file data_6.txt (compact mmCIF, C-alpha atoms and all ligand atoms)
# COMPACT_ATOMS: atom_id res chain seq x y z
CA MET A 118 6.39 -10.80 -41.29
CA ASN A 119 5.87 -7.55 -39.36
CA ILE A 120 4.64 -7.90 -35.80
CA LEU A 121 3.09 -5.03 -33.88
CA VAL A 122 3.96 -5.36 -30.20
CA ILE A 123 1.60 -3.53 -27.85
CA ASN A 124 2.09 -2.75 -24.16
CA CYS A 125 -1.00 -1.01 -22.90
CA GLY A 126 -1.25 0.89 -19.61
CA SER A 127 -4.28 2.67 -18.14
CA SER A 128 -3.49 5.93 -19.95
CA SER A 129 -0.61 4.93 -22.19
CA LEU A 130 0.17 2.63 -25.08
CA LYS A 131 3.72 1.66 -26.07
CA TYR A 132 4.31 0.03 -29.43
CA GLN A 133 7.03 -1.44 -31.61
CA LEU A 134 6.76 -2.75 -35.14
CA ILE A 135 9.29 -5.57 -35.49
CA ASN A 136 10.21 -7.46 -38.65
CA SER A 137 10.30 -11.03 -37.43
CA ASP A 138 12.75 -12.22 -40.10
CA SER A 139 15.47 -9.61 -39.53
CA GLU A 140 14.32 -8.95 -35.92
CA GLU A 141 14.77 -5.29 -36.72
CA VAL A 142 12.63 -2.64 -35.00
CA LEU A 143 11.03 -0.77 -37.90
CA ALA A 144 9.41 1.84 -35.68
CA LYS A 145 8.50 2.41 -32.07
CA GLY A 146 6.51 4.90 -30.12
CA LEU A 147 4.30 5.87 -27.24
CA CYS A 148 0.80 7.31 -26.83
CA GLU A 149 0.53 9.20 -23.56
CA ARG A 150 -2.26 10.76 -21.53
CA ILE A 151 -4.94 8.75 -23.35
CA GLY A 152 -8.32 9.99 -22.16
CA ILE A 153 -6.68 12.92 -20.38
CA GLU A 154 -6.22 16.48 -21.62
CA GLY A 155 -2.92 17.00 -23.47
CA SER A 156 -2.62 13.54 -25.06
CA ALA A 157 0.29 13.03 -27.46
CA ILE A 158 1.89 10.43 -29.66
CA THR A 159 5.66 10.07 -30.02
CA HIS A 160 6.76 8.04 -33.04
CA GLN A 161 10.26 7.00 -34.00
CA PRO A 162 10.83 5.37 -37.40
CA LYS A 163 13.97 3.23 -37.81
CA ASP A 164 15.98 5.63 -39.92
CA GLY A 165 14.05 8.81 -39.32
CA GLU A 166 13.64 11.48 -36.76
CA LYS A 167 11.50 11.10 -33.69
CA ILE A 168 8.31 13.13 -33.94
CA THR A 169 5.81 14.13 -31.27
CA ALA A 170 2.29 15.19 -32.16
CA GLN A 171 -0.31 16.58 -29.77
CA VAL A 172 -3.51 14.81 -30.80
CA GLU A 173 -6.71 14.25 -28.90
CA MET A 174 -7.03 10.56 -27.96
CA LYS A 175 -10.26 10.07 -26.06
CA ASN A 176 -9.68 6.36 -25.64
CA HIS A 177 -7.30 3.52 -26.54
CA THR A 178 -9.14 2.74 -29.79
CA GLU A 179 -8.35 6.25 -30.99
CA ALA A 180 -4.75 5.73 -29.87
CA VAL A 181 -4.47 2.53 -31.95
CA LYS A 182 -5.92 4.44 -34.91
CA TYR A 183 -3.14 7.03 -34.57
CA VAL A 184 -0.49 4.33 -34.24
CA ILE A 185 -1.64 2.74 -37.52
CA GLU A 186 -1.82 6.17 -39.11
CA LYS A 187 1.79 6.90 -38.15
CA LEU A 188 3.05 3.45 -39.18
CA THR A 189 1.49 3.85 -42.64
CA ASP A 190 2.13 7.60 -43.03
CA GLU A 191 3.84 8.67 -46.26
CA ARG A 192 6.50 10.69 -44.46
CA VAL A 193 7.16 8.96 -41.12
CA GLY A 194 5.59 5.57 -41.85
CA VAL A 195 7.48 2.31 -42.36
CA VAL A 196 4.84 0.20 -44.14
CA LYS A 197 2.45 1.00 -46.99
CA SER A 198 -0.75 -0.31 -45.46
CA LEU A 199 -2.28 -2.23 -42.61
CA SER A 200 -2.00 -5.41 -44.69
CA GLU A 201 1.75 -5.39 -44.01
CA ILE A 202 1.12 -5.99 -40.29
CA GLY A 203 0.93 -9.77 -39.95
CA ALA A 204 0.01 -10.06 -36.29
CA VAL A 205 -0.18 -8.24 -32.98
CA GLY A 206 1.54 -9.39 -29.79
CA HIS A 207 0.12 -8.04 -26.52
CA ARG A 208 1.98 -7.87 -23.23
CA ILE A 209 -0.42 -9.02 -20.52
CA VAL A 210 0.61 -8.58 -16.91
CA HIS A 211 -1.33 -11.30 -15.09
CA GLY A 212 -2.34 -14.70 -16.38
CA GLY A 213 -2.94 -16.17 -12.90
CA GLU A 214 -2.82 -19.97 -12.93
CA LYS A 215 -4.73 -20.04 -16.20
CA PHE A 216 -1.82 -19.32 -18.52
CA ALA A 217 1.52 -21.11 -18.36
CA ASN A 218 2.28 -20.13 -21.97
CA SER A 219 1.48 -17.48 -24.54
CA VAL A 220 -1.76 -18.03 -26.45
CA VAL A 221 -3.55 -16.93 -29.61
CA ILE A 222 -6.31 -14.58 -28.50
CA ASN A 223 -9.93 -15.64 -28.96
CA ASP A 224 -13.12 -14.99 -26.99
CA ALA A 225 -12.40 -17.70 -24.41
CA VAL A 226 -8.91 -16.24 -23.82
CA LEU A 227 -10.35 -12.75 -23.38
CA GLU A 228 -12.75 -14.10 -20.79
CA ALA A 229 -9.97 -15.93 -18.94
CA ILE A 230 -7.79 -12.79 -18.88
CA GLU A 231 -10.74 -10.86 -17.51
CA GLU A 232 -11.08 -13.44 -14.74
CA CYS A 233 -7.52 -12.52 -13.68
CA ASN A 234 -8.40 -8.80 -13.36
CA ASP A 235 -8.77 -9.15 -9.59
CA LEU A 236 -5.11 -10.16 -9.32
CA ALA A 237 -3.84 -7.11 -11.24
CA PRO A 238 -6.58 -4.50 -11.06
CA LEU A 239 -4.37 -1.69 -12.36
CA HIS A 240 -2.85 -3.58 -15.28
CA ASN A 241 -5.08 -6.33 -16.70
CA PRO A 242 -8.12 -4.15 -17.50
CA ALA A 243 -5.81 -1.78 -19.41
CA ASN A 244 -4.25 -4.73 -21.27
CA LEU A 245 -7.73 -5.92 -22.23
CA ILE A 246 -8.66 -2.47 -23.50
CA GLY A 247 -5.55 -2.64 -25.69
CA ILE A 248 -6.64 -5.97 -27.16
CA ASN A 249 -10.20 -4.80 -27.80
CA SER A 250 -8.98 -1.57 -29.40
CA CYS A 251 -6.73 -3.48 -31.80
CA LYS A 252 -9.59 -5.86 -32.54
CA ALA A 253 -11.80 -2.91 -33.45
CA ILE A 254 -9.25 -1.40 -35.83
CA MET A 255 -7.72 -4.64 -37.21
CA PRO A 256 -10.46 -7.29 -36.90
CA ASN A 257 -8.73 -9.77 -39.21
CA VAL A 258 -5.19 -9.58 -37.84
CA PRO A 259 -4.33 -12.49 -35.50
CA MET A 260 -3.33 -11.53 -31.97
CA VAL A 261 -1.29 -13.26 -29.29
CA ALA A 262 -1.21 -12.67 -25.52
CA VAL A 263 2.18 -12.96 -23.81
CA PHE A 264 1.98 -13.03 -20.01
CA ASP A 265 4.46 -11.61 -17.48
CA THR A 266 3.52 -14.42 -15.12
CA ALA A 267 3.57 -17.40 -17.53
CA PHE A 268 7.28 -18.32 -17.27
CA HIS A 269 6.93 -18.72 -13.50
CA GLN A 270 4.07 -21.22 -13.65
CA THR A 271 6.69 -24.00 -13.43
CA MET A 272 7.43 -23.03 -9.80
CA PRO A 273 6.84 -25.94 -7.43
CA ARG A 274 4.16 -25.67 -4.77
CA LYS A 275 6.72 -25.19 -1.99
CA ALA A 276 7.94 -22.03 -3.76
CA TYR A 277 4.58 -20.49 -4.56
CA LEU A 278 2.64 -21.13 -1.35
CA TYR A 279 2.63 -18.50 1.39
CA GLY A 280 2.49 -19.54 5.04
CA LEU A 281 -1.16 -18.51 5.30
CA PRO A 282 -4.34 -20.53 5.89
CA TYR A 283 -4.63 -22.78 2.83
CA GLU A 284 -8.20 -21.60 2.21
CA TYR A 285 -6.84 -18.24 1.03
CA TYR A 286 -5.06 -20.05 -1.77
CA GLU A 287 -8.09 -22.21 -2.53
CA ASN A 288 -10.67 -19.45 -2.35
CA HIS A 289 -8.80 -16.37 -3.51
CA LYS A 290 -5.79 -17.79 -5.37
CA VAL A 291 -3.39 -16.00 -3.02
CA ARG A 292 0.03 -17.39 -3.96
CA ARG A 293 3.32 -16.29 -5.52
CA TYR A 294 2.97 -15.68 -9.26
CA GLY A 295 6.07 -13.65 -10.13
CA PHE A 296 6.48 -11.13 -12.93
CA HIS A 297 9.00 -10.02 -15.59
CA GLY A 298 8.69 -13.63 -16.83
CA THR A 299 9.25 -12.67 -20.47
CA SER A 300 12.51 -11.01 -19.49
CA HIS A 301 13.74 -13.82 -17.20
CA ASP A 302 12.99 -16.34 -19.95
CA PHE A 303 14.65 -14.27 -22.68
CA VAL A 304 17.77 -13.49 -20.64
CA SER A 305 18.31 -17.03 -19.34
CA LYS A 306 17.93 -18.39 -22.89
CA ARG A 307 20.32 -15.83 -24.34
CA ALA A 308 22.86 -16.30 -21.53
CA ALA A 309 23.02 -20.03 -22.24
CA GLU A 310 23.35 -19.31 -25.96
CA ILE A 311 26.25 -16.89 -25.37
CA LEU A 312 28.00 -19.52 -23.26
CA GLY A 313 27.34 -22.19 -25.90
CA LYS A 314 25.52 -24.32 -23.32
CA ASP A 315 22.13 -25.96 -23.08
CA ARG A 316 19.87 -24.01 -20.70
CA LYS A 317 18.35 -27.32 -19.65
CA GLU A 318 21.67 -28.25 -18.04
CA LEU A 319 22.29 -25.04 -16.14
CA LYS A 320 21.47 -23.51 -12.77
CA MET A 321 20.98 -19.81 -13.42
CA ILE A 322 20.03 -16.74 -11.40
CA VAL A 323 18.64 -13.84 -13.42
CA CYS A 324 18.67 -10.42 -11.76
CA HIS A 325 16.24 -8.11 -13.59
CA LEU A 326 17.20 -4.79 -12.01
CA GLY A 327 15.21 -1.96 -13.53
CA ASN A 328 12.89 0.53 -11.95
CA GLY A 329 10.90 -2.56 -11.04
CA ALA A 330 13.24 -5.35 -9.99
CA SER A 331 12.95 -9.09 -9.55
CA ILE A 332 15.24 -12.07 -9.35
CA THR A 333 14.57 -15.61 -10.56
CA ALA A 334 16.15 -19.00 -10.02
CA VAL A 335 16.09 -20.80 -13.39
CA LYS A 336 16.96 -24.46 -13.06
CA ASN A 337 17.21 -26.66 -16.14
CA GLY A 338 15.44 -23.96 -18.16
CA GLU A 339 12.50 -23.52 -15.78
CA SER A 340 11.66 -20.87 -13.21
CA ILE A 341 11.71 -22.61 -9.83
CA ASP A 342 11.45 -19.52 -7.65
CA THR A 343 11.15 -15.78 -8.07
CA SER A 344 11.12 -12.75 -5.79
CA MET A 345 7.90 -10.99 -6.84
CA GLY A 346 4.75 -12.47 -5.39
CA LEU A 347 0.99 -12.09 -5.70
CA THR A 348 1.82 -8.58 -6.91
CA PRO A 349 5.07 -6.95 -8.05
CA LEU A 350 5.54 -5.39 -4.59
CA GLU A 351 7.37 -8.31 -3.00
CA GLY A 352 11.05 -9.11 -3.07
CA LEU A 353 13.87 -6.76 -3.92
CA ILE A 354 14.01 -3.10 -2.96
CA MET A 355 13.12 -1.24 -6.16
CA GLY A 356 13.06 2.31 -7.52
CA THR A 357 9.90 3.22 -5.61
CA ARG A 358 8.69 -0.15 -4.22
CA SER A 359 9.62 -1.39 -0.78
CA GLY A 360 10.01 -5.08 -1.60
CA ASP A 361 9.84 -7.52 1.36
CA LEU A 362 8.42 -6.17 4.62
CA ASP A 363 7.18 -7.54 7.90
CA PRO A 364 3.43 -7.54 7.07
CA ALA A 365 2.68 -6.21 10.56
CA ILE A 366 4.35 -2.92 9.55
CA ILE A 367 1.29 -2.03 7.47
CA SER A 368 -1.23 -1.98 10.33
CA PHE A 369 1.37 -0.45 12.68
CA LEU A 370 1.96 2.47 10.30
CA CYS A 371 -1.73 2.81 9.45
CA GLU A 372 -2.33 3.59 13.11
CA LYS A 373 0.68 5.85 13.58
CA GLU A 374 0.16 7.80 10.34
CA HIS A 375 -3.66 7.68 10.28
CA LYS A 376 -3.80 6.03 6.91
CA THR A 377 -5.86 3.23 5.41
CA ALA A 378 -4.24 -0.04 4.33
CA THR A 379 -4.81 0.95 0.69
CA GLU A 380 -3.01 4.24 1.25
CA MET A 381 -0.10 2.48 2.95
CA ILE A 382 0.22 -0.03 0.11
CA ASP A 383 0.24 2.88 -2.31
CA ILE A 384 3.15 4.36 -0.35
CA CYS A 385 4.91 0.98 -0.45
CA ASN A 386 4.48 0.96 -4.25
CA LYS A 387 5.17 4.55 -5.16
CA LYS A 388 7.11 6.32 -2.43
CA SER A 389 9.35 3.64 -0.99
CA GLY A 390 12.35 1.75 -2.35
CA VAL A 391 15.50 3.75 -2.98
CA LEU A 392 13.34 6.85 -3.49
CA GLY A 393 11.94 6.57 0.03
CA LEU A 394 15.23 5.49 1.59
CA SER A 395 16.96 8.56 0.12
CA LYS A 396 14.20 10.79 1.57
CA GLY A 397 12.80 11.53 -1.85
CA LEU A 398 16.12 12.36 -3.52
CA SER A 399 15.56 10.09 -6.52
CA SER A 400 14.46 6.68 -7.73
CA ASP A 401 17.04 6.91 -10.50
CA PHE A 402 20.29 5.08 -9.79
CA ARG A 403 22.34 7.62 -11.75
CA ASP A 404 21.24 10.41 -9.39
CA LEU A 405 21.81 8.24 -6.34
CA GLY A 406 25.26 7.17 -7.51
CA GLN A 407 26.28 10.75 -8.06
CA ALA A 408 24.88 11.91 -4.71
CA ALA A 409 26.66 9.03 -2.95
CA GLU A 410 29.94 10.02 -4.61
CA GLU A 411 29.41 13.54 -3.32
CA GLY A 412 29.08 12.17 0.19
CA ASN A 413 25.29 11.98 0.60
CA GLU A 414 24.86 9.39 3.40
CA LEU A 415 21.23 8.61 2.63
CA ALA A 416 22.02 7.90 -1.01
CA LYS A 417 24.84 5.59 0.17
CA ALA A 418 22.48 3.86 2.59
CA ALA A 419 19.86 3.38 -0.15
CA LEU A 420 22.40 1.84 -2.53
CA GLU A 421 23.94 -0.37 0.15
CA THR A 422 20.54 -1.64 1.30
CA TYR A 423 19.55 -2.30 -2.31
CA SER A 424 22.62 -4.38 -3.16
CA TYR A 425 22.53 -6.26 0.15
CA ARG A 426 18.97 -7.41 -0.56
CA VAL A 427 19.93 -8.66 -4.03
CA ALA A 428 22.91 -10.55 -2.57
CA LYS A 429 20.67 -12.17 0.06
CA TYR A 430 18.26 -13.38 -2.62
CA ILE A 431 21.14 -14.79 -4.65
CA GLY A 432 22.22 -16.72 -1.56
CA ALA A 433 18.69 -18.05 -1.10
CA TYR A 434 18.46 -19.19 -4.71
CA VAL A 435 21.88 -20.86 -4.60
CA ALA A 436 20.46 -22.85 -1.68
CA ALA A 437 17.19 -23.55 -3.55
CA MET A 438 19.09 -24.96 -6.55
CA ASN A 439 21.95 -26.52 -4.56
CA GLY A 440 24.41 -24.44 -6.57
CA VAL A 441 24.59 -21.99 -9.43
CA ASP A 442 26.45 -21.88 -12.74
CA VAL A 443 25.46 -18.47 -14.09
CA ILE A 444 24.37 -15.15 -12.61
CA ALA A 445 22.99 -12.78 -15.25
CA PHE A 446 22.22 -9.08 -14.80
CA THR A 447 19.68 -7.25 -16.95
CA ALA A 448 17.35 -4.19 -17.26
CA GLY A 449 18.27 -0.51 -16.73
CA VAL A 450 20.39 -0.86 -13.60
CA GLY A 451 21.59 -4.42 -14.26
CA GLU A 452 22.77 -3.54 -17.77
CA ASN A 453 24.26 -0.12 -17.11
CA ASN A 454 25.32 0.27 -13.52
CA GLY A 455 28.70 -1.37 -12.94
CA SER A 456 28.94 0.02 -9.45
CA VAL A 457 25.75 -1.73 -8.26
CA ARG A 458 26.85 -4.97 -9.97
CA ALA A 459 30.27 -4.78 -8.31
CA ASP A 460 28.64 -4.22 -4.89
CA ILE A 461 26.43 -7.28 -5.35
CA LEU A 462 29.25 -9.48 -6.66
CA GLY A 463 31.36 -8.31 -3.73
CA TYR A 464 29.18 -10.51 -1.47
CA LEU A 465 29.69 -13.59 -3.60
CA GLY A 466 33.32 -14.46 -3.05
CA TYR A 467 32.13 -17.70 -1.41
CA LEU A 468 30.87 -18.78 -4.83
CA GLY A 469 34.32 -18.35 -6.30
CA ILE A 470 33.29 -15.33 -8.38
CA GLU A 471 36.00 -12.83 -9.18
CA THR A 472 34.86 -9.68 -10.95
CA ASP A 473 36.77 -8.47 -13.99
CA GLN A 474 36.65 -4.74 -13.18
CA GLU A 475 37.42 -3.65 -16.71
CA LYS A 476 34.69 -5.78 -18.28
CA ASN A 477 32.31 -4.67 -15.54
CA GLY A 478 32.86 -1.09 -16.69
CA ILE A 479 31.20 -1.86 -20.05
CA ARG A 480 27.64 -0.58 -20.39
CA GLY A 481 24.53 -2.04 -21.97
CA GLU A 482 26.23 -4.90 -23.83
CA GLU A 483 26.40 -8.66 -23.65
CA VAL A 484 29.55 -9.23 -21.62
CA ILE A 485 30.99 -11.76 -19.18
CA ILE A 486 32.08 -9.78 -16.12
CA SER A 487 33.60 -12.58 -14.04
CA LYS A 488 37.26 -13.46 -14.60
CA PRO A 489 38.08 -16.47 -16.76
CA GLY A 490 38.25 -19.57 -14.60
CA SER A 491 35.65 -18.21 -12.19
CA ARG A 492 33.62 -21.12 -10.78
CA VAL A 493 30.39 -19.22 -11.46
CA THR A 494 29.98 -17.07 -14.56
CA ALA A 495 28.63 -13.56 -13.94
CA MET A 496 27.42 -11.78 -17.02
CA VAL A 497 25.36 -8.92 -18.41
CA VAL A 498 22.63 -9.78 -20.92
CA PRO A 499 20.48 -6.88 -22.13
CA THR A 500 16.82 -7.82 -22.04
CA ASN A 501 14.43 -7.25 -24.93
CA GLU A 502 10.86 -7.97 -23.91
CA GLU A 503 9.37 -6.61 -27.14
CA LEU A 504 11.50 -8.92 -29.27
CA ALA A 505 10.55 -11.83 -27.02
CA ILE A 506 6.86 -10.98 -27.49
CA ALA A 507 7.33 -10.71 -31.27
CA ARG A 508 9.05 -14.14 -31.34
CA GLU A 509 6.26 -15.71 -29.29
CA THR A 510 3.66 -14.16 -31.58
CA VAL A 511 5.27 -15.59 -34.72
CA ARG A 512 5.76 -18.99 -33.08
CA LEU A 513 2.07 -19.23 -32.22
CA ILE A 514 0.48 -18.00 -35.41
CA LYS A 515 2.66 -20.04 -37.75
P1 LIG B 601 14.30 0.20 -16.51
O1 LIG B 601 13.08 0.16 -15.64
O2 LIG B 601 14.78 -1.14 -16.94
O3 LIG B 601 14.17 1.16 -17.66
O4 LIG B 601 15.47 0.80 -15.59
C1 LIG B 601 15.46 2.10 -15.07
C2 LIG B 601 16.66 2.30 -14.17
O5 LIG B 601 17.85 2.05 -14.94
C3 LIG B 601 16.82 3.70 -13.59
O6 LIG B 601 16.98 3.62 -12.19
C4 LIG B 601 18.10 4.22 -14.18
O7 LIG B 601 18.84 4.91 -13.24
C5 LIG B 601 18.86 2.97 -14.56
N1 LIG B 601 19.73 3.30 -15.69
C6 LIG B 601 19.38 3.46 -16.96
N2 LIG B 601 20.47 3.82 -17.72
C7 LIG B 601 21.51 3.91 -16.87
C8 LIG B 601 22.90 4.24 -17.00
N3 LIG B 601 23.40 4.57 -18.18
N4 LIG B 601 23.67 4.20 -15.89
C9 LIG B 601 23.15 3.86 -14.69
N5 LIG B 601 21.85 3.54 -14.50
C10 LIG B 601 21.05 3.57 -15.56
call {"tool": "encode", "arguments": {"input": "data_6.txt", "output": "structure tokens"}}
result
Amino acid sequence: MNILVINCGSSSLKYQLINSDSEEVLAKGLCERIGIEGSAITHQPKDGEKITAQVEMKNHTEAVKYVIEKLTDERVGVVKSLSEIGAVGHRIVHGGEKFANSVVINDAVLEAIEECNDLAPLHNPANLIGINSCKAIMPNVPMVAVFDTAFHQTMPRKAYLYGLPYEYYENHKVRRYGFHGTSHDFVSKRAAEILGKDRKELKMIVCHLGNGASITAVKNGESIDTSMGLTPLEGLIMGTRSGDLDPAIISFLCEKEHKTATEMIDICNKKSGVLGLSKGLSSDFRDLGQAAEEGNELAKAALETYSYRVAKYIGAYVAAMNGVDVIAFTAGVGENNGSVRADILGYLGYLGIETDQEKNGIRGEEVIISKPGSRVTAMVVPTNEELAIARETVRLIK
């Protein structure tokens, strides 16, 4: 069966058509600037050339129409008609406490997702627009919602509560939710598979280090703690996000810089992290690595601070699980940047990890990077959130 995987942002729509039997990506693409002047669709069929077409997309429904048009096009298409799309899987950012698993979408589910809009005001409304647009164009195709937060719903109370008045949890649902759940689930499962072990018998730490970054303690197959919180701003230092801060910094800087809290949070989300630490040099770890090699002290400081934070979280999660068997790296930086991985592993000698420098030089592949006999296995496992969404979709509609 062919599954259309949709990841909808406020002005963008990413898609992949995946054959669930072969798990092959038949085509993928991106609609950009939806509702803005200069909108365009980029479409890449499996064996063909990538094409970009400037087309007016006034809204997401028009974008979905173009996606279907491209997928069924005589020249660049990969299926003959809409009837060859068996189901749609939607990535949904926030499922609050309502969703601990993926679900088949119906009216009640749509309502419940809408009730989580408050918790992710930038993402959930866009995700809902994506669902409604697909519904308008493909009313008879079943759809499944896969939540970024769902995998973390197994966290115990002591991990998800903040040290705030309890009423804020009761009245406003302020608690740790965590994100990147689809990735943490996929990677921990795959890591166990590669090692020929049962995930239910392992203590694992998954480091999802991309532009957004989070780290999760997976014990016996369940997320028991994770670094992102109510929103994706908490935890690790990221490309442009600050990660953990003393909350008092916000009001302090609001006064000093004459900004509102909303403006400061925007800076924490978009202008901080390694971008901010390097005084705007770059949020891209390739640029920072090169600048650091050329002697740029701020780039070095940004990279050092980044790795140190990851190492501290690993230490915390080793304590939370009373040990660790596997540390897995994934996402853009985790999969490709051996230098960052080596820096992080450099802190973990106490765990008996010895890095195999040659293996650590490999990029973007499944590879064990700790030396044989290492007490803890360190490994790289490329993530594939779209495939995970396609698998969930098939599982639920069958
Ligand atoms: P993601 O959000 O998972 O796409 O990750 C984006 C980050 O991955 C960026 O900071 C990139 O610098 C980093 N990245 C991607 N490819 C490479 C590479 N080949 N070498 C080093 N870093 C990379």
call {"tool": "atom_distance", "arguments": {"input": "data_6.txt", "atom1": "CA of Lys314 in chain A", "atom2": "CA of Asn454 in chain A"}}
result
26.5 Å
call {"tool": "closest_atom_pairs", "arguments": {"input": "data_6.txt", "of": "chain A", "to": "ligand LIG 601 (chain B)", "cutoff": "6 Å", "atoms": "all atoms listed in the file", "output": "JSON lines"}}
result
{"residue": "A:Gly327", "atom": "CA", "partner": "B:LIG601", "partner_atom": "O4", "distance": 3.5}
{"residue": "A:Asn328", "atom": "CA", "partner": "B:LIG601", "partner_atom": "O1", "distance": 3.7}
{"residue": "A:Gly329", "atom": "CA", "partner": "B:LIG601", "partner_atom": "O1", "distance": 5.8}
{"residue": "A:Ser400", "atom": "CA", "partner": "B:LIG601", "partner_atom": "O6", "distance": 6.0}
{"residue": "A:Asp401", "atom": "CA", "partner": "B:LIG601", "partner_atom": "O6", "distance": 3.7}
{"residue": "A:Phe402", "atom": "CA", "partner": "B:LIG601", "partner_atom": "O7", "distance": 3.7}
{"residue": "A:Arg403", "atom": "CA", "partner": "B:LIG601", "partner_atom": "O7", "distance": 4.7}
{"residue": "A:Ala448", "atom": "CA", "partner": "B:LIG601", "partner_atom": "O2", "distance": 4.0}
{"residue": "A:Gly449", "atom": "CA", "partner": "B:LIG601", "partner_atom": "O5", "distance": 3.2}
{"residue": "A:Val450", "atom": "CA", "partner": "B:LIG601", "partner_atom": "O5", "distance": 4.1}
{"residue": "A:Asn453", "atom": "CA", "partner": "B:LIG601", "partner_atom": "N4", "distance": 4.5}
{"residue": "A:Asn454", "atom": "CA", "partner": "B:LIG601", "partner_atom": "C9", "distance": 4.4}
call {"tool": "atom_distance", "arguments": {"input": "data_6.txt", "atom1": "CA of Lys476 in chain A", "atom2": "CA of Ala308 in chain A"}}
result
16.2 Å
call {"tool": "residues_around", "arguments": {"input": "data_6.txt", "residues": "Ala267 in chain A", "least_positions_apart": "3", "cutoff": "10 Å", "atoms": "all atoms listed in the file", "output": "list in words"}}
result
Ile209, Val210, His211, Gly212, Gly213, Glu214, Lys215, Phe216, Ala217, Asn218, Ser219, Val263, Phe264, Gln270, Thr271, Tyr294, Gly295, Phe296, His297, Gly298, Thr299, Asp302 and Ser340 of chain A
call {"tool": "residues_around", "arguments": {"input": "data_6.txt", "residues": "Ile202 in chain A", "least_positions_apart": "6", "cutoff": "9 Å", "atoms": "all atoms listed in the file", "output": "list in words"}}
result
Met118, Asn119, Ile120, Leu121, Leu134, Val196 and Val258 of chain A
call {"tool": "atom_distance", "arguments": {"input": "data_6.txt", "atom1": "CA of Thr333 in chain A", "atom2": "CA of His301 in chain A"}}
result
6.9 Å
call {"tool": "residues_around", "arguments": {"input": "data_6.txt", "residues": "Arg316 in chain A", "least_positions_apart": "3", "cutoff": "10 Å", "atoms": "only C-alpha atoms", "output": "ChimeraX atom specification"}}
result
/A:305-310,312-313,319-321,335-339
call {"tool": "closest_residue", "arguments": {"input": "data_6.txt", "among": "A:Ile246, A:Leu326, A:Val193, A:Val497", "to": "Gly478 in chain A", "atoms": "only C-alpha atoms"}}
result
A:Val497
call {"tool": "residues_around", "arguments": {"input": "data_6.txt", "residues": "range 404-407 of chain A", "least_positions_apart": "6", "cutoff": "12 Å", "atoms": "all atoms listed in the file", "output": "list of chain:residue names"}}
result
A:Gly356, A:Val391, A:Leu392, A:Gly393, A:Leu394, A:Ser395, A:Lys396, A:Gly397, A:Leu398, A:Asn413, A:Glu414, A:Leu415, A:Ala416, A:Lys417, A:Ala418, A:Ala419, A:Leu420, A:Glu421, A:Tyr423, A:Val450, A:Asn454, A:Gly455, A:Ser456, A:Val457
call {"tool": "residues_around", "arguments": {"input": "data_6.txt", "residues": "Leu278 in chain A", "least_positions_apart": "6", "cutoff": "10 Å", "atoms": "all atoms listed in the file", "output": "number ranges by chain"}}
result
A: 272, 286, 290-294, 346
call {"tool": "closest_residue", "arguments": {"input": "data_6.txt", "among": "A:Glu284, A:Glu351, A:Glu374, A:Asp473", "to": "Gly490 in chain A", "atoms": "all atoms listed in the file"}}
result
A:Asp473
call {"tool": "closest_residue", "arguments": {"input": "data_6.txt", "among": "A:Ala459, A:Val484, A:Ala378, A:Asn257", "to": "Pro364 in chain A", "atoms": "all atoms listed in the file"}}
result
A:Ala378
call {"tool": "closest_residue", "arguments": {"input": "data_6.txt", "among": "A:Pro499, A:Gly352, A:Ile444, A:Gly152", "to": "Thr472 in chain A", "atoms": "only C-alpha atoms"}}
result
A:Ile444
call {"tool": "closest_residue", "arguments": {"input": "data_6.txt", "among": "A:Met345, A:Cys385, A:Val261, A:Leu227", "to": "Leu362 in chain A", "atoms": "all atoms listed in the file"}}
result
A:Cys385
call {"tool": "closest_residue", "arguments": {"input": "data_6.txt", "among": "A:Ile135, A:Ile341, A:Thr178, A:Gln474", "to": "Ala276 in chain A", "atoms": "only C-alpha atoms"}}
result
A:Ile341
call {"tool": "residues_near_point", "arguments": {"input": "data_6.txt", "point": "(21.4, -7.6, -14.8)", "cutoff": "6 Å", "atoms": "only C-alpha atoms", "output": "PyMOL selection string"}}
result
chain A and resi 324-326+445-448+451-452+497
call {"tool": "write_last_selection", "arguments": {"input": "data_6.txt", "atoms": "C-alpha atoms", "output": "PDB file, in the frame of the given file"}}
result
ATOM      1  CA  CYS A 324      18.670 -10.420 -11.760  1.00  0.00           C
ATOM      2  CA  HIS A 325      16.240  -8.110 -13.590  1.00  0.00           C
ATOM      3  CA  LEU A 326      17.200  -4.790 -12.010  1.00  0.00           C
ATOM      4  CA  ALA A 445      22.990 -12.780 -15.250  1.00  0.00           C
ATOM      5  CA  PHE A 446      22.220  -9.080 -14.800  1.00  0.00           C
ATOM      6  CA  THR A 447      19.680  -7.250 -16.950  1.00  0.00           C
ATOM      7  CA  ALA A 448      17.350  -4.190 -17.260  1.00  0.00           C
ATOM      8  CA  GLY A 451      21.590  -4.420 -14.260  1.00  0.00           C
ATOM      9  CA  GLU A 452      22.770  -3.540 -17.770  1.00  0.00           C
ATOM     10  CA  VAL A 497      25.360  -8.920 -18.410  1.00  0.00           C
TER      11      VAL A 497
END
call {"tool": "axis_aligned_box", "arguments": {"input": "data_6.txt", "around": "range 461-475 of chain A", "padding_each_side": "5 Å", "output": "AutoDock Vina command-line options"}}
result
--center_x 31.9 --center_y -11.2 --center_z -9.1 --size_x 21.0 --size_y 25.1 --size_z 25.3
call {"tool": "residues_near_point", "arguments": {"input": "data_6.txt", "point": "(10.3, 6.1, -35.9)", "cutoff": "10 Å", "atoms": "all atoms listed in the file", "output": "count of residues only"}}
result
22
